[in-house]
file query.txt (compact mmCIF, C-alpha atoms)
# COMPACT_ATOMS: atom_id res chain seq x y z
CA MET D 1 -70.91 5.78 99.09
CA ASN D 2 -70.16 8.67 101.34
CA ILE D 3 -67.95 8.74 104.38
CA THR D 4 -69.96 8.94 107.56
CA ILE D 5 -69.52 8.63 111.29
CA THR D 6 -69.73 4.87 110.70
CA LEU D 7 -65.99 4.91 110.16
CA ILE D 8 -65.32 5.52 113.85
CA ILE D 9 -67.27 2.42 114.81
CA GLN D 10 -65.62 0.37 112.05
CA GLY D 11 -62.12 1.53 113.00
CA LEU D 12 -62.74 0.95 116.67
CA ALA D 13 -64.20 -2.48 115.96
CA LEU D 14 -61.07 -3.47 114.05
CA PHE D 15 -58.81 -2.28 116.85
CA LEU D 16 -60.83 -4.00 119.56
CA VAL D 17 -60.93 -7.29 117.68
CA ALA D 18 -57.18 -7.10 117.03
CA TRP D 19 -56.60 -6.27 120.70
CA GLY D 20 -58.78 -9.18 121.80
CA VAL D 21 -56.95 -11.52 119.46
CA MET D 22 -53.63 -10.29 120.86
CA LYS D 23 -54.85 -10.71 124.42
CA TRP D 24 -56.74 -14.00 124.37
CA GLY D 25 -56.01 -15.78 121.12
CA TRP D 26 -52.55 -15.32 119.68
CA PRO D 27 -50.41 -16.26 122.72
CA LEU D 28 -52.35 -19.50 123.30
CA ILE D 29 -51.93 -20.60 119.69
CA MET D 30 -48.28 -19.59 119.67
CA THR D 31 -47.65 -21.45 122.93
CA ALA D 32 -49.31 -24.56 121.51
CA ILE D 33 -47.27 -24.32 118.31
CA GLU D 34 -43.98 -23.68 120.08
CA THR D 35 -44.56 -26.41 122.67
CA ARG D 36 -45.36 -28.88 119.91
CA GLN D 37 -42.33 -27.79 117.90
CA LYS D 38 -40.16 -28.34 120.96
CA THR D 39 -41.75 -31.73 121.60
CA ILE D 40 -41.17 -32.76 118.00
CA ALA D 41 -37.58 -31.49 118.06
CA ASP D 42 -36.95 -33.36 121.32
CA GLY D 43 -38.53 -36.48 119.88
CA LEU D 44 -36.38 -36.27 116.77
CA ALA D 45 -33.28 -35.71 118.87
CA ALA D 46 -34.19 -38.68 121.07
CA ALA D 47 -34.76 -40.82 117.99
CA ASN D 48 -31.36 -39.72 116.70
CA ARG D 49 -29.74 -40.59 120.00
CA GLY D 50 -31.51 -43.95 119.96
CA GLN D 51 -30.27 -44.57 116.44
CA ASN D 52 -26.73 -43.69 117.47
CA SER D 53 -26.77 -45.88 120.56
CA LEU D 54 -28.23 -48.68 118.45
CA GLU D 55 -25.29 -48.32 116.06
CA ASP D 56 -22.90 -48.32 119.04
CA ALA D 57 -24.57 -51.37 120.51
CA LYS D 58 -24.34 -53.16 117.16
CA LEU D 59 -20.62 -52.41 116.94
CA GLN D 60 -20.16 -53.48 120.55
CA ALA D 61 -22.06 -56.68 119.91
CA LEU D 62 -19.89 -57.42 116.87
CA GLU D 63 -16.78 -56.77 118.97
CA ILE D 64 -18.01 -59.08 121.72
CA ILE D 65 -18.89 -61.80 119.24
CA ARG D 66 -15.46 -61.48 117.65
CA GLU D 67 -13.77 -61.74 121.05
CA ALA D 68 -15.90 -64.71 122.01
CA ARG D 69 -15.05 -66.41 118.76
CA THR D 70 -11.33 -65.84 119.31
CA LYS D 71 -11.61 -67.09 122.86
CA ALA D 72 -13.58 -70.14 121.75
CA THR D 73 -10.93 -70.91 119.14
CA GLN D 74 -8.25 -70.56 121.80
CA ILE D 75 -10.13 -72.86 124.15
CA VAL D 76 -10.64 -75.47 121.45
CA ASP D 77 -6.94 -75.26 120.53
CA GLN D 78 -5.98 -75.63 124.16
CA ALA D 79 -8.33 -78.57 124.56
CA ASN D 80 -6.92 -80.20 121.45
CA ARG D 81 -3.40 -79.69 122.71
CA ARG D 82 -4.28 -80.98 126.15
CA GLY D 83 -6.03 -83.96 124.55
CA GLY D 84 -2.95 -84.75 122.51
CA GLU D 85 -0.78 -84.45 125.57
CA MET D 86 -3.06 -86.77 127.51
CA VAL D 87 -3.00 -89.31 124.70
CA GLU D 88 0.77 -89.06 124.61
CA GLU D 89 0.97 -89.45 128.37
CA ALA D 90 -1.36 -92.43 128.30
CA ARG D 91 0.68 -94.01 125.55
CA GLY D 92 3.91 -93.48 127.55
CA THR D 93 2.35 -94.90 130.67
CA ALA D 94 0.98 -97.88 128.78
CA LEU D 95 4.37 -98.54 127.15
CA ALA D 96 6.14 -98.33 130.50
CA GLU D 97 3.56 -100.60 132.10
CA GLY D 98 3.93 -103.10 129.24
CA GLU D 99 7.68 -102.97 129.59
CA ARG D 100 7.36 -103.51 133.31
CA MET D 101 4.99 -106.43 132.85
CA LEU D 102 7.27 -107.86 130.18
CA ASP D 103 10.23 -107.57 132.57
CA ALA D 104 8.26 -109.22 135.34
CA ALA D 105 7.24 -112.00 133.01
CA ARG D 106 10.77 -112.39 131.82
CA SER D 107 12.22 -112.57 135.32
CA SER D 108 9.48 -114.95 136.33
CA ILE D 109 10.35 -117.11 133.32
CA THR D 110 14.03 -117.02 134.31
CA THR D 111 13.21 -118.01 137.89
CA GLU D 112 10.90 -120.76 136.71
CA THR D 113 13.52 -122.02 134.32
CA ALA D 114 16.16 -122.03 137.02
CA ARG D 115 13.83 -123.78 139.42
CA ALA D 116 12.82 -126.33 136.80
CA ARG D 117 16.46 -126.91 135.88
CA GLY D 118 17.38 -127.39 139.54
CA GLU D 119 14.57 -129.84 140.01
CA LEU D 120 15.55 -131.65 136.87
CA ARG D 121 19.13 -131.84 138.02
CA SER D 122 18.20 -133.24 141.39
CA GLN D 123 15.93 -135.74 139.69
CA VAL D 124 18.75 -136.63 137.23
CA GLY D 125 21.11 -137.05 140.22
CA THR D 126 18.63 -139.23 141.98
CA LEU D 127 18.16 -141.21 138.78
CA ALA D 128 21.92 -141.46 138.29
CA LEU D 129 22.35 -142.61 141.86
CA ALA D 130 19.54 -145.11 141.44
CA GLY D 131 21.15 -146.27 138.21
CA ALA D 132 24.54 -146.52 139.88
CA ALA D 133 23.03 -148.36 142.85
CA GLN D 134 21.36 -150.77 140.43
CA VAL D 135 24.69 -151.39 138.70
CA LEU D 136 26.74 -151.76 141.81
CA LYS D 137 24.10 -153.46 144.02
CA ARG D 138 25.63 -154.66 147.12
CA GLU D 139 29.04 -153.28 146.44
CA VAL D 140 27.89 -149.92 147.30
CA ASP D 141 27.60 -149.21 150.90
CA ALA D 142 25.30 -146.38 151.32
CA LYS D 143 26.97 -145.30 154.46
CA ALA D 144 30.51 -145.73 153.08
CA HIS D 145 29.78 -143.97 149.94
CA ALA D 146 27.44 -141.37 151.28
CA GLN D 147 30.15 -138.73 150.97
CA LEU D 148 30.70 -139.63 147.35
CA LEU D 149 27.01 -139.67 146.53
CA GLU D 150 26.42 -136.38 148.18
CA ASP D 151 29.27 -134.85 146.25
CA LEU D 152 27.87 -136.25 143.02
CA SER D 153 24.40 -134.98 143.56
CA GLN D 154 25.77 -131.52 144.40
CA ARG D 155 27.81 -131.47 141.21
CA ILE D 156 24.74 -132.36 139.15
CA ALA D 157 22.74 -129.73 140.86
CA ALA D 158 25.45 -127.18 140.24
CA GLY D 159 26.24 -128.29 136.73
CA MET U 160 -92.40 -0.33 109.06
CA MET U 161 -93.70 -1.52 105.74
CA ALA U 162 -91.18 -1.95 102.97
CA ALA U 163 -91.56 0.39 100.05
CA GLU U 164 -92.09 -1.06 96.61
CA VAL U 165 -88.83 -2.29 95.08
CA PRO U 166 -88.10 -0.43 91.82
CA THR U 167 -88.34 -2.61 88.76
CA ASP U 168 -86.44 -0.63 86.16
CA MET U 169 -82.69 -1.21 85.69
CA THR U 170 -81.47 2.13 87.07
CA GLY U 171 -83.81 1.96 89.99
CA TYR U 172 -82.72 -1.61 90.74
CA ILE U 173 -79.03 -0.70 90.76
CA LYS U 174 -79.59 2.46 92.80
CA HIS U 175 -81.68 0.52 95.25
CA HIS U 176 -78.88 -1.98 95.70
CA LEU U 177 -76.34 0.74 96.40
CA GLU U 178 -78.39 2.35 99.15
CA HIS U 179 -77.27 1.75 102.72
CA LEU U 180 -79.55 0.87 105.55
CA SER U 181 -78.77 3.97 107.58
CA SER U 182 -79.95 6.08 110.38
CA GLY U 183 -79.18 9.78 110.55
CA GLU U 184 -78.35 12.32 107.89
CA GLY U 185 -75.20 13.45 106.08
CA PHE U 186 -71.93 12.78 107.86
CA TYR U 187 -73.72 11.67 110.99
CA ALA U 188 -75.51 8.83 109.24
CA LEU U 189 -74.78 5.41 110.66
CA HIS U 190 -74.59 2.64 108.08
CA LEU U 191 -76.37 0.04 110.13
CA ASP U 192 -75.90 -2.72 107.56
CA SER U 193 -72.10 -2.23 107.36
CA ILE U 194 -71.84 -2.08 111.13
CA PHE U 195 -74.09 -5.09 111.64
CA PHE U 196 -72.27 -7.32 109.16
CA LYS U 197 -68.86 -6.22 110.31
CA LEU U 198 -69.70 -6.97 113.93
CA LEU U 199 -71.33 -10.26 112.96
CA LEU U 200 -68.27 -11.33 110.97
CA ALA U 201 -65.97 -10.08 113.74
CA LEU U 202 -67.95 -12.21 116.15
CA ILE U 203 -67.60 -15.26 113.89
CA PHE U 204 -63.87 -14.63 113.52
CA VAL U 205 -63.37 -14.11 117.25
CA ALA U 206 -65.46 -17.17 118.09
CA ILE U 207 -63.44 -19.37 115.74
CA PHE U 208 -60.04 -17.92 116.51
CA ILE U 209 -60.19 -17.40 120.24
CA GLY U 210 -62.36 -20.49 120.66
CA THR U 211 -59.71 -22.55 118.90
CA ALA U 212 -56.96 -20.82 120.85
CA ARG U 213 -58.58 -21.64 124.19
CA ARG U 214 -58.94 -25.30 123.24
CA ALA U 215 -55.52 -25.40 121.57
CA THR U 216 -53.45 -28.38 122.52
CA ALA U 217 -49.73 -28.79 122.15
CA GLY U 218 -50.39 -32.44 121.35
CA VAL U 219 -51.98 -33.69 118.15
CA PRO U 220 -54.12 -30.78 116.88
CA GLY U 221 -57.56 -31.11 115.39
CA LYS U 222 -58.32 -30.03 111.84
CA LEU U 223 -59.64 -26.61 112.83
CA GLN U 224 -56.65 -25.98 115.06
CA CYS U 225 -54.39 -27.07 112.20
CA ALA U 226 -56.03 -24.56 109.88
CA VAL U 227 -55.78 -21.74 112.43
CA GLU U 228 -52.18 -22.66 113.19
CA MET U 229 -51.21 -22.64 109.51
CA LEU U 230 -52.61 -19.13 109.18
CA VAL U 231 -51.02 -17.97 112.42
CA GLU U 232 -47.65 -19.40 111.50
CA TYR U 233 -47.83 -17.86 108.02
CA VAL U 234 -48.69 -14.40 109.35
CA ALA U 235 -46.15 -14.69 112.18
CA THR U 236 -43.39 -15.51 109.70
CA LEU U 237 -44.46 -12.68 107.42
CA VAL U 238 -44.47 -10.18 110.28
CA LYS U 239 -41.15 -11.46 111.62
CA GLU U 240 -39.54 -10.98 108.21
CA THR U 241 -40.96 -7.48 107.72
CA PHE U 242 -41.22 -5.93 111.16
CA HIS U 243 -37.91 -5.89 112.98
CA GLY U 244 -39.11 -4.28 116.16
CA ASN U 245 -40.60 -6.07 119.10
CA SER U 246 -44.34 -5.77 119.23
CA ARG U 247 -47.05 -8.03 120.56
CA LEU U 248 -49.81 -6.27 118.67
CA ILE U 249 -48.63 -6.30 115.07
CA ALA U 250 -48.98 -9.99 114.25
CA PRO U 251 -52.44 -10.29 115.88
CA LEU U 252 -53.42 -7.05 114.16
CA ALA U 253 -52.23 -8.42 110.82
CA ILE U 254 -54.14 -11.68 111.16
CA THR U 255 -57.23 -9.81 112.32
CA ILE U 256 -57.07 -7.47 109.34
CA PHE U 257 -56.58 -10.35 106.93
CA CYS U 258 -59.32 -12.59 108.32
CA LEU U 259 -61.83 -9.83 108.95
CA THR U 260 -61.27 -8.18 105.57
CA PHE U 261 -61.47 -11.55 103.87
CA LEU U 262 -64.71 -12.42 105.64
CA MET U 263 -66.22 -9.04 104.80
CA ASN U 264 -65.10 -9.37 101.18
CA PHE U 265 -66.49 -12.88 101.14
CA MET U 266 -69.99 -11.51 101.66
CA ASP U 267 -69.68 -10.63 97.98
CA MET U 268 -69.73 -14.34 97.18
CA LEU U 269 -73.26 -14.68 98.44
CA PRO U 270 -75.92 -14.21 95.75
CA VAL U 271 -76.25 -10.49 95.44
CA ASP U 272 -80.01 -10.48 95.91
CA LEU U 273 -80.27 -13.15 98.61
CA LEU U 274 -79.87 -11.16 101.84
CA PRO U 275 -81.56 -7.98 100.53
CA PHE U 276 -84.47 -10.17 99.38
CA LEU U 277 -84.80 -11.77 102.82
CA ALA U 278 -84.41 -8.38 104.47
CA HIS U 279 -87.09 -6.95 102.21
CA HIS U 280 -89.52 -9.56 103.44
CA ALA U 281 -88.47 -8.82 107.02
CA GLY U 282 -89.41 -5.20 106.38
CA ILE U 283 -85.94 -3.77 105.77
CA GLU U 284 -85.88 -1.76 102.59
CA HIS U 285 -82.19 -1.26 101.90
CA LEU U 286 -79.37 -3.62 102.73
CA ARG U 287 -75.77 -3.76 101.55
CA VAL U 288 -74.09 -6.88 102.80
CA VAL U 289 -70.44 -6.18 101.89
CA PRO U 290 -69.03 -3.88 104.58
CA THR U 291 -65.78 -3.37 102.64
CA ALA U 292 -67.74 -1.95 99.70
CA ASP U 293 -68.60 0.88 102.08
CA LEU U 294 -66.00 3.66 102.12
CA SER U 295 -66.76 4.35 105.77
CA THR U 296 -65.65 0.87 106.72
CA THR U 297 -62.42 0.84 104.74
CA PHE U 298 -61.59 4.40 105.78
CA GLY U 299 -62.31 3.57 109.39
CA MET U 300 -59.92 0.65 109.22
CA ALA U 301 -57.31 2.76 107.45
CA ILE U 302 -57.64 5.48 110.13
CA CYS U 303 -57.14 2.84 112.78
CA VAL U 304 -53.96 1.72 111.02
CA PHE U 305 -52.91 5.36 110.55
CA LEU U 306 -53.23 6.06 114.27
CA LEU U 307 -51.26 2.92 115.07
CA ILE U 308 -48.53 4.07 112.66
CA GLN U 309 -48.23 7.36 114.56
CA TYR U 310 -48.27 5.50 117.87
CA TYR U 311 -45.47 3.16 116.80
CA GLY U 312 -43.50 6.11 115.43
CA VAL U 313 -43.62 7.87 118.80
CA LYS U 314 -43.05 4.65 120.71
CA HIS U 315 -39.93 3.64 118.79
CA LYS U 316 -38.37 7.06 118.19
CA GLY U 317 -39.54 9.03 121.19
CA VAL U 318 -41.59 12.22 120.93
CA GLY U 319 -38.54 14.31 119.97
CA GLY U 320 -37.27 11.90 117.35
CA PHE U 321 -40.75 11.44 115.94
CA PHE U 322 -41.34 15.14 115.38
CA ALA U 323 -37.75 15.84 114.33
CA GLU U 324 -38.25 13.34 111.53
CA PHE U 325 -41.09 15.49 110.18
CA VAL U 326 -38.67 18.27 109.23
CA THR U 327 -35.39 16.42 108.60
CA VAL U 328 -36.46 13.58 106.31
CA PRO U 329 -36.15 12.94 103.37
CA PHE U 330 -33.81 15.94 102.68
CA HIS U 331 -30.81 16.19 104.99
CA ALA U 332 -28.73 19.29 105.58
CA ASP U 333 -25.69 19.89 107.74
CA GLY U 334 -25.84 23.58 108.52
CA VAL U 335 -28.44 25.34 110.61
CA VAL U 336 -29.50 27.48 107.64
CA GLY U 337 -29.83 24.44 105.42
CA LYS U 338 -31.90 22.68 108.04
CA ILE U 339 -34.26 25.62 108.32
CA LEU U 340 -34.49 25.92 104.55
CA LEU U 341 -35.24 22.26 104.07
CA ALA U 342 -37.74 22.03 106.89
CA PRO U 343 -40.82 23.25 104.96
CA PRO U 344 -40.40 20.88 101.97
CA ASN U 345 -39.64 18.01 104.35
CA LEU U 346 -42.74 18.75 106.38
CA LEU U 347 -44.85 19.05 103.26
CA LEU U 348 -43.64 15.73 101.87
CA ARG U 349 -44.15 14.04 105.19
CA LEU U 350 -47.70 15.34 105.51
CA ILE U 351 -48.52 14.21 101.99
CA GLU U 352 -46.95 10.82 102.64
CA GLU U 353 -48.82 10.33 105.88
CA GLY U 354 -52.06 11.58 104.36
CA VAL U 355 -51.82 9.43 101.26
CA ARG U 356 -51.39 6.18 103.16
CA PRO U 357 -54.84 5.87 104.73
CA VAL U 358 -56.45 7.24 101.59
CA SER U 359 -54.75 4.76 99.26
CA LEU U 360 -55.23 1.92 101.75
CA SER U 361 -58.94 2.52 102.08
CA LEU U 362 -59.67 3.48 98.47
CA ARG U 363 -57.89 0.42 97.07
CA LEU U 364 -59.98 -2.00 99.08
CA PHE U 365 -63.17 0.00 98.67
CA GLY U 366 -62.71 0.41 94.92
CA ASN U 367 -62.12 -3.27 94.32
CA MET U 368 -65.03 -4.40 96.42
CA TYR U 369 -67.39 -1.73 95.19
CA ALA U 370 -66.60 -2.53 91.57
CA GLY U 371 -66.97 -6.22 92.26
CA GLU U 372 -70.31 -5.72 93.89
CA LEU U 373 -71.45 -3.47 91.08
CA ILE U 374 -70.60 -6.10 88.49
CA PHE U 375 -72.51 -8.71 90.47
CA ILE U 376 -75.46 -6.34 90.49
CA LEU U 377 -75.14 -5.81 86.73
CA ILE U 378 -74.97 -9.57 86.15
CA ALA U 379 -78.02 -9.99 88.34
CA ALA U 380 -79.80 -7.28 86.36
CA MET U 381 -79.33 -9.19 83.11
CA THR U 382 -82.57 -11.06 83.67
CA LEU U 383 -84.37 -8.24 85.43
CA ASN U 384 -88.13 -8.28 84.76
CA SER U 385 -87.78 -11.20 82.34
CA SER U 386 -90.55 -13.72 81.97
CA LEU U 387 -90.69 -17.25 80.67
CA ALA U 388 -92.82 -16.01 77.79
CA SER U 389 -90.03 -13.85 76.41
CA GLY U 390 -87.42 -15.36 74.09
CA MET U 391 -84.76 -13.02 75.43
CA THR U 392 -84.90 -14.82 78.77
CA TYR U 393 -83.57 -18.03 77.23
CA PHE U 394 -80.64 -16.16 75.78
CA MET U 395 -79.82 -14.02 78.81
CA GLY U 396 -80.36 -16.77 81.38
CA PRO U 397 -77.45 -19.02 80.38
CA LEU U 398 -75.31 -15.96 79.68
CA GLN U 399 -76.03 -14.69 83.18
CA LEU U 400 -75.10 -18.07 84.64
CA ILE U 401 -71.76 -18.15 82.80
CA ALA U 402 -70.96 -14.51 83.58
CA GLY U 403 -71.87 -14.97 87.23
CA LEU U 404 -69.76 -18.11 87.46
CA LEU U 405 -66.72 -16.53 85.84
CA TRP U 406 -66.93 -13.35 87.88
CA THR U 407 -67.40 -15.31 91.12
CA ILE U 408 -64.33 -17.42 90.38
CA PHE U 409 -62.29 -14.37 89.50
CA HIS U 410 -63.59 -12.53 92.53
CA ILE U 411 -62.37 -15.28 94.87
CA LEU U 412 -58.90 -14.18 93.82
CA VAL U 413 -59.70 -10.51 94.25
CA ILE U 414 -61.16 -10.76 97.74
CA THR U 415 -58.22 -12.83 98.98
CA LEU U 416 -55.68 -10.59 97.30
CA GLN U 417 -57.25 -7.39 98.63
CA ALA U 418 -57.37 -8.78 102.17
CA PHE U 419 -53.74 -9.80 101.85
CA ILE U 420 -52.69 -6.42 100.44
CA PHE U 421 -54.42 -4.55 103.26
CA MET U 422 -52.67 -6.75 105.82
CA MET U 423 -49.28 -6.58 104.13
CA LEU U 424 -49.33 -2.81 103.70
CA THR U 425 -50.33 -2.39 107.33
CA VAL U 426 -47.34 -4.45 108.43
CA VAL U 427 -45.03 -2.57 106.05
CA TYR U 428 -46.25 0.86 107.19
CA LEU U 429 -45.90 -0.10 110.84
CA SER U 430 -42.40 -1.45 110.33
CA MET U 431 -41.45 1.74 108.46
CA ALA U 432 -42.81 3.77 111.34
CA ALA U 433 -40.77 1.76 113.81
CA ALA U 434 -37.57 1.68 111.72
CA LYS U 435 -34.84 4.17 112.60
CA HIS U 436 -33.32 6.13 109.74

call {"tool": "encode", "arguments": {"input": "query.txt", "output": "structure tokens"}}
result
Amino acid sequence: MNITITLIIQGLALFLVAWGVMKWGWPLIMTAIETRQKTIADGLAAANRGQNSLEDAKLQALEIIREARTKATQIVDQANRRGGEMVEEARGTALAEGERMLDAARSSITTETARARGELRSQVGTLALAGAAQVLKREVDAKAHAQLLEDLSQRIAAG
Amino acid sequence: MMAAEVPTDMTGYIKHHLEHLSSGEGFYALHLDSIFFKLLLALIFVAIFIGTARRATAGVPGKLQCAVEMLVEYVATLVKETFHGNSRLIAPLAITIFCLTFLMNFMDMLPVDLLPFLAHHAGIEHLRVVPTADLSTTFGMAICVFLLIQYYGVKHKGVGGFFAEFVTVPFHADGVVGKILLAPPNLLLRLIEEGVRPVSLSLRLFGNMYAGELIFILIAAMTLNSSLASGMTYFMGPLQLIAGLLWTIFHILVITLQAFIFMMLTVVYLSMAAAKH
């Protein structure tokens, strides 16, 4: 347990090993560690950003859905309104058409009635004349009384 | 060379175990065993550390790289907190001191007779396997640290500042007369301080490891020359097992702690040397 010249070798050995570690070992390990730390930090930051943009996208999606819902409600309302209007219009048109047809029918009835009445009158006149001719027989000269008969038949037709 | 007969009495056994394999006489003796084991362990450390460093990937690290990185990161943080200068050497030096000292201390964990026994059969008479239980090793390391302390002192304070500090710290004076008066005590204190550091650094490690080794030797000597025919063997055998187990477990703490203390003090001394007053 005495100190000998060995100490020079031992001291030198320590220094050389430390120097070698400094030269060829330490920087490589440190670079690896620092690069990995940076990679991990970047990854975490990217994940954070992803999380944030996911949140944003979710909010945006909710907003869009809300808008779409509002718009859909509006469209349905509009459609309902338009439907109602169309029904109303159709009803109006139908009523007017009915009225028109009714009028036409009425006027046609009036015309028919007038025509039938006229016909009836002329037939009544003819019948009356025939009756009168039957009663009078020979006394009635068709030619002499033509004016009278004509006047009679006109009065029946007019009356 | 034929191995001499191994002594069989207790004193001879212990003395034999504390003898270095050396070449040369007196101060010029080389402790071949200390040098061999230190270089071998240094080689193992360098192979693992630099080998891992060269294969280090910034991607998913392997288990070995993880282990090395944990150590590196721990030491780097420690150095960053303690040493406020900018040095590329200090952290690698710290990790080298820690790992190398730990590995050398760890040789104490091997059965105390194992390597000397093998060496004996290979024709080597004396072998001490724990380089840190050799004062030459610890003192050599401490001298290396001491020289680095002086180097960092000069580097950070300049030659003038470095030598001015010798005579102006710790006692300050304002006048010229006061400065001259206080110079001798300042110088004396500084020389003591500087001299004590390597001594305490090396003796602390050496003392712990030497004592540890000695106790392992004593535990091993409990059953020295015992035979199965003797009743004492059946009493001492289990006792030796328990004692060896307890001391080994306790020593795991000691070898780690001593390696850590050597590293930590080195970093502290170097940061003190670099710090401006």

call {"tool": "interface_residues", "arguments": {"input": "query.txt", "of": "chain D", "to": "chain U", "cutoff": "7 Å", "atoms": "only C-alpha atoms", "output": "list in words"}}
result
Met1, Asn2, Ile3, Thr4, Ile5, Thr6, Leu7, Ile8, Gln10, Gly11, Leu14, Phe15, Val17, Ala18, Val21, Met22, Trp24, Gly25, Trp26, Leu28, Ile29, Ala32, Ile33, Thr35 and Arg36 of chain D

call {"tool": "atom_distance", "arguments": {"input": "query.txt", "atom1": "atom CA of U:Ala434", "atom2": "atom CA of U:Val336"}}
result
27.3 Å

call {"tool": "atom_distance", "arguments": {"input": "query.txt", "atom1": "atom CA of U:Tyr393", "atom2": "atom CA of U:Asp168"}}
result
19.8 Å

call {"tool": "atom_distance", "arguments": {"input": "query.txt", "atom1": "atom CA of U:Ser182", "atom2": "atom CA of U:Val289"}}
result
17.7 Å

call {"tool": "closest_residue", "arguments": {"input": "query.txt", "among": "U:Phe196, U:Tyr233, U:Tyr428, U:Phe394", "to": "U:Met381", "atoms": "all atoms listed in the file"}}
result
U:Phe394

call {"tool": "axis_aligned_box", "arguments": {"input": "query.txt", "around": "stretch 25-36 of chain D", "padding_each_side": "8 Å", "output": "JSON"}}
result
{"center_x": -50.0, "center_y": -22.1, "center_z": 120.8, "size_x": 28.0, "size_y": 29.6, "size_z": 21.0}

call {"tool": "residues_around", "arguments": {"input": "query.txt", "residues": "U:Thr327", "least_positions_apart": "5", "cutoff": "9 Å", "atoms": "only C-alpha atoms", "output": "short mmCIF file (atom, residue, chain, number, x, y, z; two decimals) with C-alpha atoms, in the coordinates of the input"}}
result
data_model
loop_
_atom_site.label_atom_id
_atom_site.label_comp_id
_atom_site.auth_asym_id
_atom_site.auth_seq_id
_atom_site.Cartn_x
_atom_site.Cartn_y
_atom_site.Cartn_z
CA ALA U 332 -28.73 19.29 105.58
CA LYS U 338 -31.90 22.68 108.04
CA LEU U 341 -35.24 22.26 104.07
CA ALA U 342 -37.74 22.03 106.89
CA ASN U 345 -39.64 18.01 104.35
CA LEU U 346 -42.74 18.75 106.38
#

call {"tool": "residues_around", "arguments": {"input": "query.txt", "residues": "stretch 271-281 of chain U", "least_positions_apart": "5", "cutoff": "8 Å", "atoms": "all atoms listed in the file", "output": "list in words"}}
result
Ala162, Leu286, Arg287, Val288, Glu372, Phe375, Ile376 and Ala379 of chain U

call {"tool": "write_last_selection", "arguments": {"input": "query.txt", "atoms": "C-alpha atoms", "output": "JSON list (two decimals), in the coordinates of the input"}}
result
[["chain", "number", "residue", "atom", "x", "y", "z"],
["U", 162, "ALA", "CA", -91.18, -1.95, 102.97],
["U", 286, "LEU", "CA", -79.37, -3.62, 102.73],
["U", 287, "ARG", "CA", -75.77, -3.76, 101.55],
["U", 288, "VAL", "CA", -74.09, -6.88, 102.80],
["U", 372, "GLU", "CA", -70.31, -5.72, 93.89],
["U", 375, "PHE", "CA", -72.51, -8.71, 90.47],
["U", 376, "ILE", "CA", -75.46, -6.34, 90.49],
["U", 379, "ALA", "CA", -78.02, -9.99, 88.34]]

call {"tool": "residues_around", "arguments": {"input": "query.txt", "residues": "U:Thr415", "least_positions_apart": "6", "cutoff": "9 Å", "atoms": "only C-alpha atoms", "output": "list in words"}}
result
Phe257, Thr260, Phe261, Asn264 and Phe265 of chain U

call {"tool": "residues_near_point", "arguments": {"input": "query.txt", "point": "(25.2, -137.0, 144.8)", "cutoff": "12 Å", "atoms": "only C-alpha atoms", "output": "PyMOL selection string"}}
result
chain D and resi 121-130+132-133+142+145-159

call {"tool": "write_last_selection", "arguments": {"input": "query.txt", "atoms": "C-alpha atoms", "output": "PDB file, in the coordinates of the input"}}
result
ATOM      1  CA  ARG D 121      19.130-131.840 138.020  1.00  0.00           C
ATOM      2  CA  SER D 122      18.200-133.240 141.390  1.00  0.00           C
ATOM      3  CA  GLN D 123      15.930-135.740 139.690  1.00  0.00           C
ATOM      4  CA  VAL D 124      18.750-136.630 137.230  1.00  0.00           C
ATOM      5  CA  GLY D 125      21.110-137.050 140.220  1.00  0.00           C
ATOM      6  CA  THR D 126      18.630-139.230 141.980  1.00  0.00           C
ATOM      7  CA  LEU D 127      18.160-141.210 138.780  1.00  0.00           C
ATOM      8  CA  ALA D 128      21.920-141.460 138.290  1.00  0.00           C
ATOM      9  CA  LEU D 129      22.350-142.610 141.860  1.00  0.00           C
ATOM     10  CA  ALA D 130      19.540-145.110 141.440  1.00  0.00           C
ATOM     11  CA  ALA D 132      24.540-146.520 139.880  1.00  0.00           C
ATOM     12  CA  ALA D 133      23.030-148.360 142.850  1.00  0.00           C
ATOM     13  CA  ALA D 142      25.300-146.380 151.320  1.00  0.00           C
ATOM     14  CA  HIS D 145      29.780-143.970 149.940  1.00  0.00           C
ATOM     15  CA  ALA D 146      27.440-141.370 151.280  1.00  0.00           C
ATOM     16  CA  GLN D 147      30.150-138.730 150.970  1.00  0.00           C
ATOM     17  CA  LEU D 148      30.700-139.630 147.350  1.00  0.00           C
ATOM     18  CA  LEU D 149      27.010-139.670 146.530  1.00  0.00           C
ATOM     19  CA  GLU D 150      26.420-136.380 148.180  1.00  0.00           C
ATOM     20  CA  ASP D 151      29.270-134.850 146.250  1.00  0.00           C
ATOM     21  CA  LEU D 152      27.870-136.250 143.020  1.00  0.00           C
ATOM     22  CA  SER D 153      24.400-134.980 143.560  1.00  0.00           C
ATOM     23  CA  GLN D 154      25.770-131.520 144.400  1.00  0.00           C
ATOM     24  CA  ARG D 155      27.810-131.470 141.210  1.00  0.00           C
ATOM     25  CA  ILE D 156      24.740-132.360 139.150  1.00  0.00           C
ATOM     26  CA  ALA D 157      22.740-129.730 140.860  1.00  0.00           C
ATOM     27  CA  ALA D 158      25.450-127.180 140.240  1.00  0.00           C
ATOM     28  CA  GLY D 159      26.240-128.290 136.730  1.00  0.00           C
TER      29      GLY D 159
END
